[in-house]
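The structure file structure.pdb is reproduced below (PDB, C-alpha atoms, pLDDT in the B column).
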```
ATOM      1  CA  MET A   1      -4.671  12.627   9.911  1.00 78.00           C
ATOM      2  CA  ASP A   2      -1.765  12.487   7.486  1.00 85.00           C
ATOM      3  CA  THR A   3      -1.470   8.957   6.064  1.00 89.00           C
ATOM      4  CA  HIS A   4       2.337   9.213   6.218  1.00 89.00           C
ATOM      5  CA  ILE A   5       2.216   9.849   9.982  1.00 91.00           C
ATOM      6  CA  LYS A   6      -0.178   6.931  10.459  1.00 90.00           C
ATOM      7  CA  LYS A   7       2.069   4.665   8.393  1.00 91.00           C
ATOM      8  CA  VAL A   8       5.169   5.692  10.383  1.00 92.00           C
ATOM      9  CA  TYR A   9       3.628   5.256  13.837  1.00 94.00           C
ATOM     10  CA  VAL A  10       1.133   2.386  13.546  1.00 94.00           C
ATOM     11  CA  PRO A  11       2.186  -0.200  14.522  1.00 96.00           C
ATOM     12  CA  MET A  12       4.193   1.610  17.136  1.00 96.00           C
ATOM     13  CA  THR A  13       7.410   0.673  18.872  1.00 95.00           C
ATOM     14  CA  GLU A  14       7.160  -0.052  22.579  1.00 95.00           C
ATOM     15  CA  THR A  15       9.237   3.041  23.257  1.00 96.00           C
ATOM     16  CA  GLY A  16       6.915   5.245  21.206  1.00 97.00           C
ATOM     17  CA  PHE A  17       3.846   3.712  22.800  1.00 98.00           C
ATOM     18  CA  TYR A  18       5.077   4.271  26.345  1.00 98.00           C
ATOM     19  CA  ILE A  19       6.234   7.821  25.619  1.00 98.00           C
ATOM     20  CA  LEU A  20       2.808   8.811  24.300  1.00 98.00           C
ATOM     21  CA  LEU A  21       1.080   6.939  27.115  1.00 98.00           C
ATOM     22  CA  CYS A  22       3.142   8.810  29.701  1.00 98.00           C
ATOM     23  CA  LEU A  23       2.688  12.180  28.021  1.00 98.00           C
ATOM     24  CA  ARG A  24      -1.061  12.160  28.514  1.00 98.00           C
ATOM     25  CA  LYS A  25       0.108  14.188  31.520  1.00 97.00           C
ATOM     26  CA  LYS A  26       2.815  16.825  31.146  1.00 98.00           C
ATOM     27  CA  ALA A  27       6.244  15.329  31.873  1.00 97.00           C
ATOM     28  CA  HIS A  28       9.965  15.676  31.286  1.00 96.00           C
ATOM     29  CA  GLY A  29      12.273  13.016  29.891  1.00 95.00           C
ATOM     30  CA  TYR A  30      13.585  11.605  33.160  1.00 95.00           C
ATOM     31  CA  SER A  31      10.076  11.218  34.575  1.00 97.00           C
ATOM     32  CA  ILE A  32       9.042   9.345  31.414  1.00 98.00           C
ATOM     33  CA  VAL A  33      11.938   6.919  31.904  1.00 97.00           C
ATOM     34  CA  GLN A  34      10.920   6.402  35.536  1.00 97.00           C
ATOM     35  CA  GLN A  35       7.227   5.917  34.688  1.00 98.00           C
ATOM     36  CA  VAL A  36       8.009   3.356  31.980  1.00 98.00           C
ATOM     37  CA  LYS A  37      10.341   1.490  34.322  1.00 97.00           C
ATOM     38  CA  ALA A  38       7.592   1.385  36.974  1.00 97.00           C
ATOM     39  CA  LEU A  39       4.818   0.413  34.528  1.00 97.00           C
ATOM     40  CA  THR A  40       6.870  -2.479  33.141  1.00 97.00           C
ATOM     41  CA  ASN A  41       8.340  -3.620  36.457  1.00 97.00           C
ATOM     42  CA  GLY A  42      11.799  -2.761  35.151  1.00 97.00           C
ATOM     43  CA  GLU A  43      11.468  -4.824  31.965  1.00 97.00           C
ATOM     44  CA  ILE A  44      11.732  -1.764  29.730  1.00 96.00           C
ATOM     45  CA  ILE A  45      14.322   0.878  30.468  1.00 96.00           C
ATOM     46  CA  ILE A  46      14.531   3.599  27.853  1.00 97.00           C
ATOM     47  CA  SER A  47      18.049   4.894  27.320  1.00 96.00           C
ATOM     48  CA  PRO A  48      18.590   8.674  27.131  1.00 94.00           C
ATOM     49  CA  GLY A  49      19.636   8.487  23.471  1.00 95.00           C
ATOM     50  CA  THR A  50      16.527   6.537  22.498  1.00 96.00           C
ATOM     51  CA  LEU A  51      14.270   8.763  24.583  1.00 97.00           C
ATOM     52  CA  TYR A  52      15.536  12.099  23.331  1.00 95.00           C
ATOM     53  CA  GLY A  53      15.698  10.888  19.724  1.00 96.00           C
ATOM     54  CA  SER A  54      12.076   9.727  19.991  1.00 97.00           C
ATOM     55  CA  LEU A  55      10.948  12.947  21.685  1.00 98.00           C
ATOM     56  CA  SER A  56      12.629  15.015  18.974  1.00 97.00           C
ATOM     57  CA  LYS A  57      11.022  13.005  16.152  1.00 97.00           C
ATOM     58  CA  MET A  58       7.601  13.002  17.806  1.00 98.00           C
ATOM     59  CA  GLU A  59       7.783  16.752  18.360  1.00 98.00           C
ATOM     60  CA  LYS A  60       8.810  17.322  14.728  1.00 97.00           C
ATOM     61  CA  ASP A  61       5.927  15.097  13.556  1.00 97.00           C
ATOM     62  CA  GLY A  62       3.420  16.944  15.776  1.00 97.00           C
ATOM     63  CA  LEU A  63       2.570  14.101  18.183  1.00 98.00           C
ATOM     64  CA  ILE A  64       3.911  15.933  21.218  1.00 98.00           C
ATOM     65  CA  ARG A  65       4.740  19.530  21.975  1.00 98.00           C
ATOM     66  CA  PHE A  66       7.246  21.305  24.149  1.00 97.00           C
ATOM     67  CA  ILE A  67       5.442  23.161  26.947  1.00 96.00           C
ATOM     68  CA  ARG A  68       8.150  24.883  28.965  1.00 96.00           C
ATOM     69  CA  GLU A  69      11.478  24.385  30.673  1.00 95.00           C
ATOM     70  CA  GLU A  70      11.727  23.839  34.431  1.00 92.00           C
ATOM     71  CA  GLU A  71      15.132  23.641  36.077  1.00 92.00           C
ATOM     72  CA  LYS A  72      16.779  22.793  32.728  1.00 92.00           C
ATOM     73  CA  ARG A  73      14.230  20.031  32.068  1.00 94.00           C
ATOM     74  CA  LYS A  74      11.977  20.246  29.030  1.00 96.00           C
ATOM     75  CA  ILE A  75       8.329  19.532  29.760  1.00 98.00           C
ATOM     76  CA  TYR A  76       6.302  17.875  26.969  1.00 98.00           C
ATOM     77  CA  HIS A  77       2.644  16.994  26.458  1.00 98.00           C
ATOM     78  CA  ILE A  78       0.779  14.893  23.906  1.00 98.00           C
ATOM     79  CA  THR A  79      -1.062  16.756  21.123  1.00 98.00           C
ATOM     80  CA  ASP A  80      -4.450  15.898  19.622  1.00 97.00           C
ATOM     81  CA  LEU A  81      -2.639  14.128  16.770  1.00 97.00           C
ATOM     82  CA  GLY A  82      -0.603  12.172  19.316  1.00 98.00           C
ATOM     83  CA  LYS A  83      -3.828  11.175  21.095  1.00 98.00           C
ATOM     84  CA  GLU A  84      -5.287   9.950  17.779  1.00 97.00           C
ATOM     85  CA  ILE A  85      -2.177   7.867  17.057  1.00 97.00           C
ATOM     86  CA  LEU A  86      -2.139   6.473  20.608  1.00 98.00           C
ATOM     87  CA  GLU A  87      -5.827   5.563  20.323  1.00 97.00           C
ATOM     88  CA  LEU A  88      -5.220   3.766  17.019  1.00 96.00           C
ATOM     89  CA  GLU A  89      -2.377   1.826  18.595  1.00 97.00           C
ATOM     90  CA  MET A  90      -4.448   0.915  21.651  1.00 97.00           C
ATOM     91  CA  GLN A  91      -7.227  -0.321  19.342  1.00 97.00           C
ATOM     92  CA  ARG A  92      -4.662  -2.385  17.427  1.00 96.00           C
ATOM     93  CA  ILE A  93      -3.296  -3.881  20.647  1.00 96.00           C
ATOM     94  CA  ASN A  94      -6.824  -4.615  21.858  1.00 96.00           C
ATOM     95  CA  ARG A  95      -7.622  -6.352  18.565  1.00 96.00           C
ATOM     96  CA  LEU A  96      -4.470  -8.474  18.939  1.00 95.00           C
ATOM     97  CA  TYR A  97      -5.488  -9.358  22.479  1.00 93.00           C
ATOM     98  CA  GLN A  98      -9.051 -10.249  21.421  1.00 93.00           C
ATOM     99  CA  ASN A  99      -7.748 -12.407  18.558  1.00 92.00           C
ATOM    100  CA  MET A 100      -5.364 -14.171  20.925  1.00 89.00           C
ATOM    101  CA  MET A 101      -8.205 -14.878  23.343  1.00 87.00           C
ATOM    102  CA  GLU A 102     -10.386 -16.296  20.563  1.00 87.00           C
ATOM    103  CA  VAL A 103      -7.599 -18.590  19.391  1.00 85.00           C
ATOM    104  CA  ARG A 104      -6.737 -19.720  22.901  1.00 82.00           C
ATOM    105  CA  GLY A 105     -10.369 -20.494  23.606  1.00 77.00           C
ATOM    106  CA  SER A 106     -11.438 -20.469  27.190  1.00 59.00           C
ATOM    107  CA  GLU A 107      -7.924 -20.299  28.649  1.00 61.00           C
ATOM    108  CA  GLU A 108      -7.541 -17.412  31.025  1.00 62.00           C
ATOM    109  CA  TYR A 109      -4.739 -14.989  30.179  1.00 56.00           C
ATOM    110  CA  LYS A 110      -3.684 -12.076  32.307  1.00 59.00           C
ATOM    111  CA  LEU A 111      -2.748  -9.057  30.176  1.00 56.00           C
ATOM    112  CA  PHE A 112      -1.282  -6.945  32.972  1.00 50.00           C
TER     113      PHE A 112
END
```
Could you render the structure from this file as structure tokens?
Amino acid sequence: MDTHIKKVYVPMTETGFYILLCLRKKAHGYSIVQQVKALTNGEIIISPGTLYGSLSKMEKDGLIRFIREEEKRKIYHITDLGKEILELEMQRINRLYQNMMEVRGSEEYKLF
């Protein structure tokens, strides 16, 4: 993995994280927005400008790839590099969670 790509994407923005998470299955932009809204109970709503700017950058950087167009909607999917970056970010988030739990002691904390 290119160290520049790793440096740019880890740690990842919430938008970037959710886009890659959603693109583990092929999807178009609007469905990504809807999935993120559902996953976060409406707390995160990605604007079209943010979404399409992120998709463009991620495609250019090789994290996602354009698959095909269906009814004027571009379908994207995560690449192997995107999966590596997503895995690194999930490990980072897990480490943060584990550290938080250690500091908080025996308090129960619900992540989801």
Would you compute the distance between atom CA of Leu88 of chain A and atom CA of Thr13 of chain A? Give it in Å to one decimal.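 About the pair atom CA of Leu88 of chain A and atom CA of Thr13 of chain A: they are 13.1 Å apart.
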By how many Å are atom CA of Phe17 of chain A and atom CA of Met101 of chain A apart? 22.2 Å
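One distance worth recording is that between atom CA of Asn41 of chain A and atom CA of Glu69 of chain A, which is 28.8 Å.
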Of the candidates A:Ile46, A:Tyr18, A:Asp2, A:Tyr52, which shows the shortest atom-to-atom distance to Leu86 of chain A, using all atoms listed in the file? A:Tyr18
Go through A:Met58, A:Leu21, A:Leu63, A:Met100 one by one, measure the shortest atom-to-atom distance of each to Val33 of chain A using all atoms listed in the file, and give the residue with the smallest value. A:Leu21
Find the residues near Ile19 of chain A: any atom within 9 Å, counting all atoms listed in the file, skip ones fewer than 2 places away on the same chain, and give them as a PyMOL selection string. chain A and resi 14-17+21-24+32-33+36+51+54-55
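Shortest separation to Ile67 of chain A among A:Pro11, A:Thr40, A:His28, A:Ile45 occurs at residue A:His28, atoms counted being only C-alpha atoms.
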